[in-house]
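Data file: upload_12.tsv. Format and content: TSV, C-alpha atoms and all ligand atoms.
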chain	number	residue	atom	x	y	z
A	797	MET	CA	62.95	-81.53	-106.86
A	798	GLN	CA	59.21	-82.03	-106.36
A	799	ALA	CA	57.58	-79.73	-103.80
A	800	SER	CA	56.69	-82.73	-101.60
A	801	ALA	CA	60.34	-83.85	-101.49
A	802	HIS	CA	61.50	-80.73	-99.65
A	803	ARG	CA	61.86	-81.34	-95.94
A	804	ILE	CA	60.64	-78.03	-94.51
A	805	ALA	CA	61.35	-77.53	-90.80
A	806	ASP	CA	58.52	-78.50	-88.43
A	807	ARG	CA	58.33	-75.05	-86.85
A	808	ILE	CA	57.26	-73.55	-90.19
A	809	SER	CA	54.19	-75.80	-90.23
A	810	SER	CA	53.11	-74.22	-86.92
A	811	ILE	CA	52.42	-70.96	-88.77
A	812	SER	CA	50.02	-70.12	-91.60
A	813	VAL	CA	50.28	-67.78	-94.56
A	814	SER	CA	49.11	-64.33	-93.48
A	815	SER	CA	45.58	-64.17	-94.89
A	816	THR	CA	45.70	-60.41	-95.16
A	817	LEU	CA	48.75	-60.67	-97.40
A	818	LYS	CA	47.01	-63.42	-99.42
A	819	VAL	CA	44.02	-61.19	-100.17
A	820	TRP	CA	46.42	-58.43	-101.12
A	821	ALA	CA	48.24	-60.78	-103.53
A	822	ASP	CA	45.02	-62.13	-105.09
A	823	ALA	CA	43.66	-58.62	-105.65
A	824	ALA	CA	47.00	-57.40	-107.02
A	825	LYS	CA	47.09	-60.32	-109.49
A	826	LEU	CA	43.62	-59.50	-110.81
A	827	ARG	CA	44.52	-55.83	-111.09
A	828	SER	CA	47.69	-56.66	-113.02
A	829	GLU	CA	45.41	-58.48	-115.49
A	830	GLY	CA	43.50	-55.24	-115.97
A	831	VAL	CA	40.48	-56.18	-113.81
A	832	ASP	CA	38.74	-53.30	-111.97
A	833	VAL	CA	39.13	-54.46	-108.35
A	834	VAL	CA	38.04	-52.33	-105.40
A	835	ASP	CA	40.53	-53.19	-102.70
A	836	PHE	CA	39.31	-53.07	-99.10
A	837	GLY	CA	41.78	-55.76	-98.09
A	838	ALA	CA	45.06	-54.01	-97.56
A	839	GLY	CA	45.50	-52.47	-94.13
A	840	GLU	CA	47.59	-49.56	-95.22
A	841	PRO	CA	46.98	-45.84	-95.62
A	842	ASP	CA	46.32	-44.77	-99.20
A	843	PHE	CA	48.00	-41.42	-98.47
A	844	PRO	CA	51.57	-40.76	-99.55
A	845	THR	CA	54.25	-40.46	-96.86
A	846	PRO	CA	54.35	-36.76	-95.85
A	847	GLY	CA	56.88	-34.66	-97.80
A	848	ASN	CA	59.03	-33.66	-94.82
A	849	ILE	CA	59.63	-37.35	-94.04
A	850	LYS	CA	60.55	-38.18	-97.63
A	851	ARG	CA	62.93	-35.20	-97.77
A	852	ALA	CA	64.69	-36.40	-94.61
A	853	ALA	CA	65.34	-39.72	-96.36
A	854	VAL	CA	66.74	-37.92	-99.41
A	855	ARG	CA	69.04	-35.90	-97.15
A	856	ALA	CA	70.21	-39.13	-95.51
A	857	LEU	CA	70.99	-40.61	-98.92
A	858	ASP	CA	72.83	-37.51	-100.07
A	859	ALA	CA	74.88	-37.59	-96.87
A	860	ASN	CA	75.75	-41.24	-97.61
A	861	PHE	CA	74.01	-42.45	-94.49
A	862	THR	CA	73.89	-45.85	-96.14
A	863	LYS	CA	76.01	-48.12	-93.93
A	864	TYR	CA	75.19	-50.57	-91.14
A	865	THR	CA	73.88	-48.94	-87.99
A	866	PRO	CA	73.73	-50.53	-84.52
A	867	ALA	CA	71.42	-53.58	-84.74
A	868	ALA	CA	68.87	-52.04	-82.34
A	869	GLY	CA	68.76	-48.75	-84.28
A	870	ILE	CA	70.52	-45.40	-84.08
A	871	GLU	CA	70.62	-43.59	-80.75
A	872	GLU	CA	68.98	-40.50	-82.31
A	873	LEU	CA	65.90	-42.52	-83.32
A	874	LYS	CA	65.67	-44.36	-80.01
A	875	ARG	CA	65.71	-40.97	-78.31
A	876	ALA	CA	63.07	-39.64	-80.68
A	877	VAL	CA	60.84	-42.66	-79.91
A	878	CYS	CA	61.24	-42.18	-76.13
A	879	GLU	CA	60.57	-38.43	-76.47
A	880	MET	CA	57.43	-39.05	-78.54
A	881	HIS	CA	56.15	-41.54	-76.01
A	882	ALA	CA	56.89	-39.16	-73.13
A	883	ARG	CA	55.21	-36.26	-74.96
A	884	ASN	CA	52.09	-38.20	-75.92
A	885	PHE	CA	51.63	-40.37	-72.87
A	886	GLY	CA	53.81	-39.07	-70.03
A	887	THR	CA	56.12	-42.09	-69.88
A	888	ALA	CA	59.84	-41.95	-69.03
A	889	TYR	CA	61.62	-44.51	-71.23
A	890	GLN	CA	65.38	-44.30	-71.85
A	891	PRO	CA	67.09	-45.33	-75.11
A	892	GLY	CA	68.35	-48.53	-73.39
A	893	GLU	CA	64.70	-49.55	-73.03
A	894	CYS	CA	64.02	-49.05	-76.72
A	895	ILE	CA	64.72	-51.13	-79.81
A	896	VAL	CA	64.00	-50.02	-83.36
A	897	THR	CA	62.70	-52.87	-85.52
A	898	VAL	CA	61.84	-53.59	-89.14
A	899	GLY	CA	58.19	-52.58	-88.70
A	900	GLY	CA	55.85	-53.12	-85.80
A	901	LYS	CA	55.33	-56.75	-86.77
A	902	HIS	CA	59.02	-57.39	-86.22
A	903	ALA	CA	58.81	-55.84	-82.75
A	904	ILE	CA	55.98	-58.23	-81.85
A	905	PHE	CA	57.82	-61.18	-83.36
A	906	ASN	CA	61.04	-60.41	-81.48
A	907	LEU	CA	59.22	-59.71	-78.20
A	908	THR	CA	57.41	-63.01	-78.43
A	909	GLN	CA	60.47	-65.05	-79.42
A	910	ALA	CA	62.50	-63.39	-76.67
A	911	LEU	CA	59.96	-64.17	-73.93
A	912	VAL	CA	57.72	-67.13	-74.74
A	913	ASN	CA	58.97	-70.64	-73.94
A	914	PRO	CA	57.37	-73.81	-75.30
A	915	GLY	CA	54.26	-74.51	-73.23
A	916	ASP	CA	53.83	-70.92	-72.04
A	917	GLU	CA	50.32	-69.56	-72.43
A	918	VAL	CA	49.60	-66.27	-74.13
A	919	VAL	CA	46.16	-64.69	-73.76
A	920	ILE	CA	44.82	-63.14	-76.96
A	921	PRO	CA	41.46	-61.35	-77.15
A	922	ALA	CA	39.40	-62.24	-80.24
A	923	PRO	CA	38.89	-60.91	-82.81
A	924	PHE	CA	42.67	-60.53	-83.03
A	925	TRP	CA	45.24	-59.35	-85.50
A	926	VAL	CA	46.29	-62.49	-87.43
A	927	THR	CA	49.98	-62.33	-86.62
A	928	TYR	CA	49.62	-62.74	-82.84
A	929	LYS	CA	48.64	-66.36	-82.97
A	930	ASP	CA	51.30	-67.29	-85.49
A	931	VAL	CA	54.18	-65.68	-83.60
A	932	VAL	CA	53.04	-67.38	-80.40
A	933	ASN	CA	52.76	-70.74	-82.19
A	934	TYR	CA	56.18	-70.23	-83.75
A	935	ALA	CA	57.66	-69.76	-80.27
A	936	GLY	CA	56.00	-73.03	-79.17
A	937	GLY	CA	53.58	-71.16	-76.91
A	938	GLU	CA	49.89	-71.89	-76.50
A	939	CYS	CA	47.31	-69.31	-77.48
A	940	VAL	CA	44.42	-68.83	-75.09
A	941	PHE	CA	41.70	-66.88	-76.87
A	942	VAL	CA	39.24	-64.63	-75.07
A	943	ASP	CA	36.12	-63.99	-77.11
A	944	THR	CA	34.68	-60.48	-77.06
A	945	ALA	CA	31.08	-59.93	-78.17
A	946	GLU	CA	29.83	-57.90	-81.07
A	947	ALA	CA	26.76	-56.99	-78.99
A	948	ASN	CA	29.09	-55.14	-76.60
A	949	GLY	CA	31.05	-53.45	-79.36
A	950	PHE	CA	33.83	-56.10	-79.06
A	951	ALA	CA	34.84	-54.49	-75.77
A	952	LEU	CA	37.47	-56.33	-73.71
A	953	THR	CA	37.10	-56.30	-69.94
A	954	ALA	CA	39.31	-57.46	-67.08
A	955	ALA	CA	36.54	-59.86	-66.03
A	956	MET	CA	36.96	-61.65	-69.38
A	957	VAL	CA	40.73	-61.89	-69.01
A	958	GLU	CA	40.91	-63.02	-65.38
A	959	PRO	CA	39.57	-66.59	-65.77
A	960	CYS	CA	42.17	-67.20	-68.51
A	961	LEU	CA	45.17	-66.46	-66.31
A	962	THR	CA	46.96	-69.54	-65.00
A	963	SER	CA	50.37	-70.32	-63.55
A	964	ARG	CA	51.51	-70.91	-67.15
A	965	THR	CA	50.39	-67.52	-68.50
A	966	LYS	CA	53.42	-65.60	-69.73
A	967	MET	CA	51.80	-62.73	-71.57
A	968	VAL	CA	48.54	-61.00	-72.40
A	969	MET	CA	48.41	-59.27	-75.79
A	970	VAL	CA	46.17	-56.22	-76.04
A	971	ASN	CA	45.55	-54.21	-79.17
A	972	SER	CA	43.64	-50.96	-78.69
A	973	PRO	CA	42.37	-49.68	-81.09
A	974	CYS	CA	41.90	-53.17	-82.40
A	975	ASN	CA	42.58	-54.48	-85.85
A	976	PRO	CA	40.07	-55.70	-87.11
A	977	SER	CA	37.17	-54.43	-84.93
A	978	GLY	CA	38.23	-50.83	-84.23
A	979	ALA	CA	37.24	-51.40	-80.57
A	980	LEU	CA	39.07	-49.67	-77.74
A	981	VAL	CA	39.88	-51.08	-74.34
A	982	GLU	CA	38.41	-48.56	-71.90
A	983	ARG	CA	41.05	-46.98	-69.72
A	984	GLU	CA	39.48	-48.30	-66.52
A	985	GLU	CA	39.41	-51.86	-67.88
A	986	PHE	CA	42.95	-51.57	-69.19
A	987	GLU	CA	44.09	-50.50	-65.73
A	988	LYS	CA	42.32	-53.48	-64.18
A	989	ILE	CA	43.94	-55.81	-66.71
A	990	PHE	CA	47.30	-54.29	-65.84
A	991	LYS	CA	46.61	-54.89	-62.15
A	992	LEU	CA	45.74	-58.54	-62.82
A	993	THR	CA	48.85	-59.15	-64.89
A	994	SER	CA	51.38	-57.15	-62.88
A	995	GLU	CA	50.32	-58.78	-59.59
A	996	ARG	CA	51.06	-62.16	-61.14
A	997	GLY	CA	54.28	-61.11	-62.91
A	998	ILE	CA	52.65	-61.63	-66.31
A	999	TYR	CA	53.79	-59.48	-69.22
A	1000	LEU	CA	51.18	-57.20	-70.75
A	1001	MET	CA	51.97	-56.42	-74.35
A	1002	THR	CA	50.21	-53.33	-75.63
A	1003	ASP	CA	50.21	-53.04	-79.40
A	1004	GLU	CA	49.98	-49.29	-80.01
A	1005	CYS	CA	50.09	-49.52	-83.80
A	1006	TYR	CA	46.87	-47.48	-84.20
A	1007	CYS	CA	47.09	-45.39	-81.03
A	1008	GLU	CA	47.00	-42.09	-82.94
A	1009	ILE	CA	43.97	-43.08	-85.05
A	1010	LEU	CA	41.18	-42.41	-82.56
A	1011	TYR	CA	37.75	-40.95	-83.32
A	1012	ASP	CA	36.25	-40.08	-79.95
A	1013	SER	CA	38.97	-40.26	-77.30
A	1014	GLN	CA	42.46	-39.12	-76.42
A	1015	PRO	CA	45.53	-41.33	-76.93
A	1016	PHE	CA	46.50	-43.20	-73.77
A	1017	SER	CA	49.22	-45.75	-72.98
A	1018	ILE	CA	49.00	-48.29	-70.19
A	1019	ALA	CA	52.79	-47.90	-69.94
A	1020	SER	CA	52.21	-44.54	-68.25
A	1021	LEU	CA	50.86	-46.14	-65.05
A	1022	PRO	CA	53.20	-46.13	-62.05
A	1023	GLY	CA	55.23	-49.34	-61.97
A	1024	ALA	CA	54.10	-50.33	-65.46
A	1025	LYS	CA	57.57	-50.42	-66.95
A	1026	ASP	CA	58.41	-53.72	-65.20
A	1027	THR	CA	55.83	-55.84	-67.00
A	1028	VAL	CA	54.34	-53.72	-69.79
A	1029	LEU	CA	55.80	-54.21	-73.25
A	1030	VAL	CA	54.97	-51.52	-75.81
A	1031	ALA	CA	54.97	-52.51	-79.47
A	1032	GLY	CA	54.80	-49.49	-81.77
A	1033	SER	CA	54.90	-48.73	-85.44
A	1034	LEU	CA	55.29	-45.70	-87.68
A	1035	SER	CA	53.60	-47.52	-90.56
A	1036	LYS	CA	50.02	-46.37	-90.09
A	1037	THR	CA	50.37	-43.09	-88.23
A	1038	TYR	CA	52.75	-41.61	-90.81
A	1039	ALA	CA	51.69	-43.60	-93.91
A	1040	MET	CA	55.08	-45.31	-93.88
A	1041	THR	CA	54.14	-48.97	-94.38
A	1042	GLY	CA	56.87	-49.63	-96.93
A	1043	TRP	CA	59.64	-48.00	-94.91
A	1044	ARG	CA	59.49	-50.74	-92.27
A	1045	ILE	CA	60.09	-48.93	-89.01
A	1046	GLY	CA	58.62	-50.08	-85.72
A	1047	PHE	CA	59.85	-50.19	-82.17
A	1048	ALA	CA	59.44	-51.75	-78.77
A	1049	LEU	CA	59.73	-50.12	-75.35
A	1050	ALA	CA	60.45	-52.74	-72.71
A	1051	PRO	CA	62.60	-53.50	-69.67
A	1052	ALA	CA	66.31	-53.28	-70.60
A	1053	PRO	CA	66.95	-57.07	-70.26
A	1054	VAL	CA	64.09	-57.75	-72.67
A	1055	VAL	CA	65.50	-55.20	-75.11
A	1056	THR	CA	68.92	-56.87	-74.80
A	1057	ALA	CA	67.40	-60.28	-75.59
A	1058	MET	CA	65.53	-58.86	-78.58
A	1059	THR	CA	68.67	-57.15	-79.82
A	1060	LYS	CA	70.56	-60.43	-79.65
A	1061	LEU	CA	67.93	-62.05	-81.85
A	1062	GLN	CA	67.75	-59.09	-84.20
A	1063	SER	CA	71.54	-58.99	-84.58
A	1064	HIS	CA	71.40	-62.49	-86.08
A	1065	SER	CA	68.39	-61.96	-88.31
A	1066	THR	CA	67.74	-58.57	-89.89
A	1067	SER	CA	70.46	-56.55	-88.13
A	1068	ASN	CA	69.55	-52.88	-88.24
A	1069	PRO	CA	66.40	-51.52	-89.88
A	1070	THR	CA	67.29	-49.60	-93.06
A	1071	SER	CA	69.58	-46.68	-92.24
A	1072	ILE	CA	67.78	-44.19	-94.50
A	1073	ALA	CA	64.36	-45.16	-93.14
A	1074	GLN	CA	65.64	-44.60	-89.62
A	1075	LYS	CA	66.56	-41.00	-90.47
A	1076	ALA	CA	63.13	-40.51	-92.05
A	1077	ALA	CA	61.55	-41.89	-88.87
A	1078	VAL	CA	63.39	-39.31	-86.75
A	1079	GLU	CA	61.80	-36.59	-88.87
A	1080	ALA	CA	58.37	-38.27	-88.65
A	1081	LEU	CA	58.51	-38.26	-84.85
A	1082	ARG	CA	60.13	-34.86	-84.35
A	1083	GLY	CA	58.75	-32.93	-87.31
A	1084	PRO	CA	55.33	-31.30	-87.80
A	1085	GLN	CA	52.41	-33.55	-86.86
A	1086	ASP	CA	49.69	-31.83	-88.92
A	1087	PRO	CA	49.68	-34.49	-91.70
A	1088	VAL	CA	48.59	-37.01	-89.04
A	1089	ALA	CA	45.61	-34.82	-88.09
A	1090	ALA	CA	44.68	-34.33	-91.75
A	1091	MET	CA	44.67	-38.10	-92.39
A	1092	LEU	CA	42.60	-38.69	-89.26
A	1093	ALA	CA	39.97	-36.18	-90.40
A	1094	GLU	CA	39.65	-38.02	-93.72
A	1095	TYR	CA	39.45	-41.44	-92.00
A	1096	ARG	CA	36.63	-40.11	-89.81
A	1097	ARG	CA	34.66	-38.92	-92.85
A	1098	ARG	CA	35.12	-42.32	-94.48
A	1099	ARG	CA	34.25	-44.25	-91.33
A	1100	ASP	CA	30.95	-42.40	-90.97
A	1101	PHE	CA	30.10	-43.09	-94.60
A	1102	VAL	CA	31.07	-46.78	-94.57
A	1103	VAL	CA	29.22	-47.57	-91.32
A	1104	GLN	CA	26.08	-45.88	-92.59
A	1105	ARG	CA	26.26	-47.74	-95.93
A	1106	LEU	CA	26.82	-51.12	-94.27
A	1107	ARG	CA	23.98	-50.61	-91.82
A	1108	ALA	CA	21.73	-49.90	-94.80
A	1109	ILE	CA	22.24	-53.44	-96.14
A	1110	PRO	CA	19.33	-55.61	-94.92
A	1111	GLY	CA	20.51	-58.13	-92.31
A	1112	VAL	CA	24.00	-56.68	-91.89
A	1113	THR	CA	25.03	-55.30	-88.49
A	1114	CYS	CA	28.04	-53.10	-87.97
A	1115	VAL	CA	29.75	-51.87	-84.81
A	1116	GLU	CA	31.06	-48.34	-85.21
A	1117	PRO	CA	34.85	-48.45	-84.95
A	1118	ARG	CA	36.31	-46.08	-82.34
A	1119	GLY	CA	39.80	-46.21	-83.76
A	1120	ALA	CA	42.02	-47.61	-86.55
A	1121	PHE	CA	40.72	-47.68	-90.12
A	1122	TYR	CA	38.73	-50.89	-90.35
A	1123	VAL	CA	35.07	-51.86	-90.02
A	1124	TYR	CA	34.08	-55.38	-89.10
A	1125	PRO	CA	30.49	-55.92	-90.22
A	1126	ASN	CA	28.52	-59.08	-89.46
A	1127	VAL	CA	27.56	-60.61	-92.80
A	1128	GLY	CA	26.13	-63.83	-91.35
A	1129	VAL	CA	22.94	-63.13	-93.32
A	1130	ALA	CA	24.67	-64.27	-96.53
A	1131	LEU	CA	26.22	-67.42	-95.07
A	1132	GLY	CA	24.76	-70.81	-95.86
A	1133	LYS	CA	23.28	-69.40	-99.09
A	1134	ASP	CA	24.20	-70.69	-102.55
A	1135	GLY	CA	27.12	-72.73	-101.24
A	1136	ILE	CA	28.68	-69.84	-99.30
A	1137	ALA	CA	29.66	-71.88	-96.26
A	1138	ASP	CA	31.87	-69.39	-94.42
A	1139	THR	CA	33.37	-65.94	-94.67
A	1140	LEU	CA	36.40	-67.35	-96.46
A	1141	GLN	CA	34.18	-68.44	-99.32
A	1142	LEU	CA	32.21	-65.23	-99.07
A	1143	ALA	CA	35.43	-63.22	-99.55
A	1144	GLU	CA	36.42	-65.40	-102.51
A	1145	ARG	CA	33.01	-64.98	-104.12
A	1146	LEU	CA	33.02	-61.21	-103.50
A	1147	LEU	CA	36.33	-60.98	-105.33
A	1148	ALA	CA	35.33	-63.34	-108.13
A	1149	GLU	CA	31.81	-61.99	-108.73
A	1150	VAL	CA	31.83	-58.29	-107.88
A	1151	ARG	CA	35.58	-57.58	-107.75
A	1152	VAL	CA	35.80	-56.36	-104.17
A	1153	ALA	CA	38.65	-57.53	-101.93
A	1154	VAL	CA	37.90	-57.94	-98.21
A	1155	VAL	CA	39.46	-60.12	-95.50
A	1156	PRO	CA	37.38	-63.01	-94.10
A	1157	GLY	CA	36.69	-62.93	-90.37
A	1158	GLU	CA	38.02	-66.49	-89.96
A	1159	ALA	CA	41.49	-64.95	-90.17
A	1160	PHE	CA	40.76	-62.88	-87.07
A	1161	GLY	CA	39.07	-65.60	-85.04
A	1162	THR	CA	35.35	-64.95	-85.68
A	1163	ASP	CA	33.07	-66.64	-88.18
A	1164	GLN	CA	30.37	-64.14	-89.20
A	1165	HIS	CA	32.38	-61.06	-90.17
A	1166	ILE	CA	34.50	-59.56	-92.89
A	1167	ARG	CA	37.08	-56.83	-92.48
A	1168	ILE	CA	36.83	-53.77	-94.67
A	1169	ALA	CA	39.73	-51.32	-94.62
A	1170	PHE	CA	38.52	-47.82	-95.44
A	1171	THR	CA	41.93	-46.88	-96.76
A	1172	ALA	CA	40.55	-46.03	-100.16
A	1173	PRO	CA	39.27	-42.74	-101.56
A	1174	MET	CA	35.58	-41.90	-101.21
A	1175	GLN	CA	34.70	-42.77	-104.82
A	1176	ASP	CA	36.16	-46.27	-104.35
A	1177	LEU	CA	34.32	-46.69	-101.06
A	1178	LYS	CA	31.07	-45.79	-102.82
A	1179	ARG	CA	31.70	-48.19	-105.71
A	1180	GLY	CA	32.82	-51.01	-103.45
A	1181	LEU	CA	29.90	-50.64	-101.04
A	1182	ASP	CA	27.41	-50.58	-103.91
A	1183	ARG	CA	28.87	-53.90	-105.05
A	1184	ILE	CA	28.87	-55.46	-101.57
A	1185	HIS	CA	25.27	-54.29	-101.09
A	1186	GLN	CA	24.16	-55.92	-104.35
A	1187	PHE	CA	26.06	-59.12	-103.56
A	1188	ILE	CA	24.62	-59.54	-100.07
A	1189	VAL	CA	21.07	-58.72	-101.15
A	1190	LYS	CA	21.42	-61.35	-103.92
A	1191	TYR	CA	22.54	-64.06	-101.51
A	1192	SER	CA	20.49	-63.35	-98.42
B	1201	LIG	C1	47.48	-54.55	-84.91
B	1201	LIG	C2	48.71	-54.39	-85.70
B	1201	LIG	N1	49.89	-54.37	-85.06
B	1201	LIG	C3	51.05	-54.22	-85.72
B	1201	LIG	C4	51.08	-54.09	-87.09
B	1201	LIG	C5	52.42	-53.98	-87.74
B	1201	LIG	O1	52.57	-53.06	-88.70
B	1201	LIG	P1	53.96	-52.87	-89.44
B	1201	LIG	O2	54.75	-54.12	-89.33
B	1201	LIG	O3	53.61	-52.54	-90.84
B	1201	LIG	O4	54.65	-51.73	-88.74
B	1201	LIG	C6	49.88	-54.13	-87.81
B	1201	LIG	C7	49.86	-54.08	-89.28
B	1201	LIG	O5	48.90	-54.32	-89.95
B	1201	LIG	C8	48.66	-54.26	-87.09
B	1201	LIG	O6	47.49	-54.27	-87.71

Could you write out this file's structure as structure tokens?
Ligand SMILES: Cc1ncc(COP(=O)(O)O)c(C=O)c1O
Amino acid sequence: MQASAHRIADRISSISVSSTLKVWADAAKLRSEGVDVVDFGAGEPDFPTPGNIKRAAVRALDANFTKYTPAAGIEELKRAVCEMHARNFGTAYQPGECIVTVGGKHAIFNLTQALVNPGDEVVIPAPFWVTYKDVVNYAGGECVFVDTAEANGFALTAAMVEPCLTSRTKMVMVNSPCNPSGALVEREEFEKIFKLTSERGIYLMTDECYCEILYDSQPFSIASLPGAKDTVLVAGSLSKTYAMTGWRIGFALAPAPVVTAMTKLQSHSTSNPTSIAQKAAVEALRGPQDPVAAMLAEYRRRRDFVVQRLRAIPGVTCVEPRGAFYVYPNVGVALGKDGIADTLQLAERLLAEVRVAVVPGEAFGTDQHIRIAFTAPMQDLKRGLDRIHQFIVKYS
């Protein structure tokens, strides 16, 4: 049958192909052809999963822990998640308020599908992680974007959020540290946003995917505020903190009825996250945490290097990320030159001409930036930044 003859469901056309995964695929294809590509596209740690976590998975295999588990995850892991959150942030979640998901993305997908009705508005600060808008669109919701400004370090404030709240607002999605900008929401502003949302009975989703990757502040969760558990929805992931992207373990902490609704959905889609990965996740959360500190120290070294190299390119500006492992430089200086109309074309030309993979800012809701993941060893960062420097100087 011809591609055009297939009658794909309408709801699929409300979502787009994840552009971060597209860059990853394009770069992987070139590499498989033997091309020397420097990959700054993939948002995943280049470190191996720590040995204690891998050994826990091997033990689970040897013990034949290879059957179905409860759809929302094993009790032991739900407890470990609640304990970790209590230890790090002073919250008091119970296993009935926790669901283990197939990665953090799945937690956000299930939360959104469980709560957003067609026509509901969801407030999303920009730049935003690509998936937010697609999961809201898939649920039939309407995205309301709040632009943050590069000049203010992409900082989100309550004053920016307030005018966007209407009687139709169902949820506000906050991601601190932010992918792609690395910006943090200051605690005081986060508390004000919580006040605005909780007073109106609006859910506040806090995506804590990068909450352990912080360069100049202590981890904090808005869920620790008194009364927060009624309207705050925590989406978490082990992928980045423990270099476990392929294991696919994430979680949500939410009011029990929300967890029940998510579990219902999960029981008809993925069922449980992989049994072996769940055992590994217990070890990640309860075992020694020093590998996390070691990775953070290396990310800091790389961040300092990358920011300094980008700022040395004439015309490029670069906000210093305060968390996560991305920089989001403004490369507007090279736009409009030699047919490079937008950052999408700039990313394509970077890959085609100097073999560097980056993600265009269009994917994240801004039009002058590219995202560079510094999840590559120093020598690759040096090579890649030399190439980006040459490319931008040539076209600016
Ligand atoms: C902001 C943010 N949230 C959540 C996730 C989900 O990660 P995963 O599904 O790999 O656990 C990602 C992954 O890139 C992310 O960048």

>> Ranking A:Asn860, A:Asn1126, A:Gln1074, A:Ser809 by minimum distance to Trp1043 of chain A and counting all atoms listed in the file, which one comes first?
In response: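 Looking at the shortest contact to Trp1043 of chain A, the residue is A:Gln1074.
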
> Which chains and residue numbers are within 6 Å of ligand LIG 1201 (chain B), counting all atoms listed in the file, if I want them as a PyMOL selection string?
Replying inline: chain A and resi 839+899-901+925+975+1003+1005+1033+1035+1041+1046

>> Here's a test: counting all atoms listed in the file, identify every protein, DNA and RNA residue with an atom at most 12 Å from (75.1, -48.1, -84.2) in the file's coordinate frame, and state them as a PyMOL selection string.
In response: chain A and resi 861+863-874+895-896+1059+1063+1067-1071+1074

Let me have the centre and edge lengths in Å, one decimal, of the box along x, y and z around every listed atom of segment 849-853 of chain A with 8 Å of margin on each side, as JSON.
{"center_x": 62.5, "center_y": -37.5, "center_z": -95.9, "size_x": 21.7, "size_y": 20.5, "size_z": 19.7}

> By how many Å are atom CA of Val931 of chain A and atom CA of Asn906 of chain A apart?
Replying inline: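 Between atom CA of Val931 of chain A and atom CA of Asn906 of chain A the gap works out to 8.9 Å.
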
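The space separating atom CA of Leu1106 of chain A from atom CA of Arg827 of chain A comes to 24.9 Å.
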
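Between atom CA of Arg996 of chain A and atom CA of Ser977 of chain A there is a distance of 28.6 Å.
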
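Nearest residue to Leu1029 of chain A, choosing from A:Tyr1095, A:Trp820, A:Phe990, A:Tyr1122 and counting only C-alpha atoms: A:Phe990.
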
> Nearest to Glu879 of chain A: which of A:Ala823, A:Ser812, A:Leu1081, A:Thr1171 is it, counting only C-alpha atoms?
Replying inline: A:Leu1081

>> When you count all atoms listed in the file, which of these residues is closest to Ala979 of chain A: A:Thr887, A:Thr927, A:Gln1085, A:Thr953?
In response: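 Looking only at the distances to Ala979 of chain A, the closest residue turns out to be A:Thr953.
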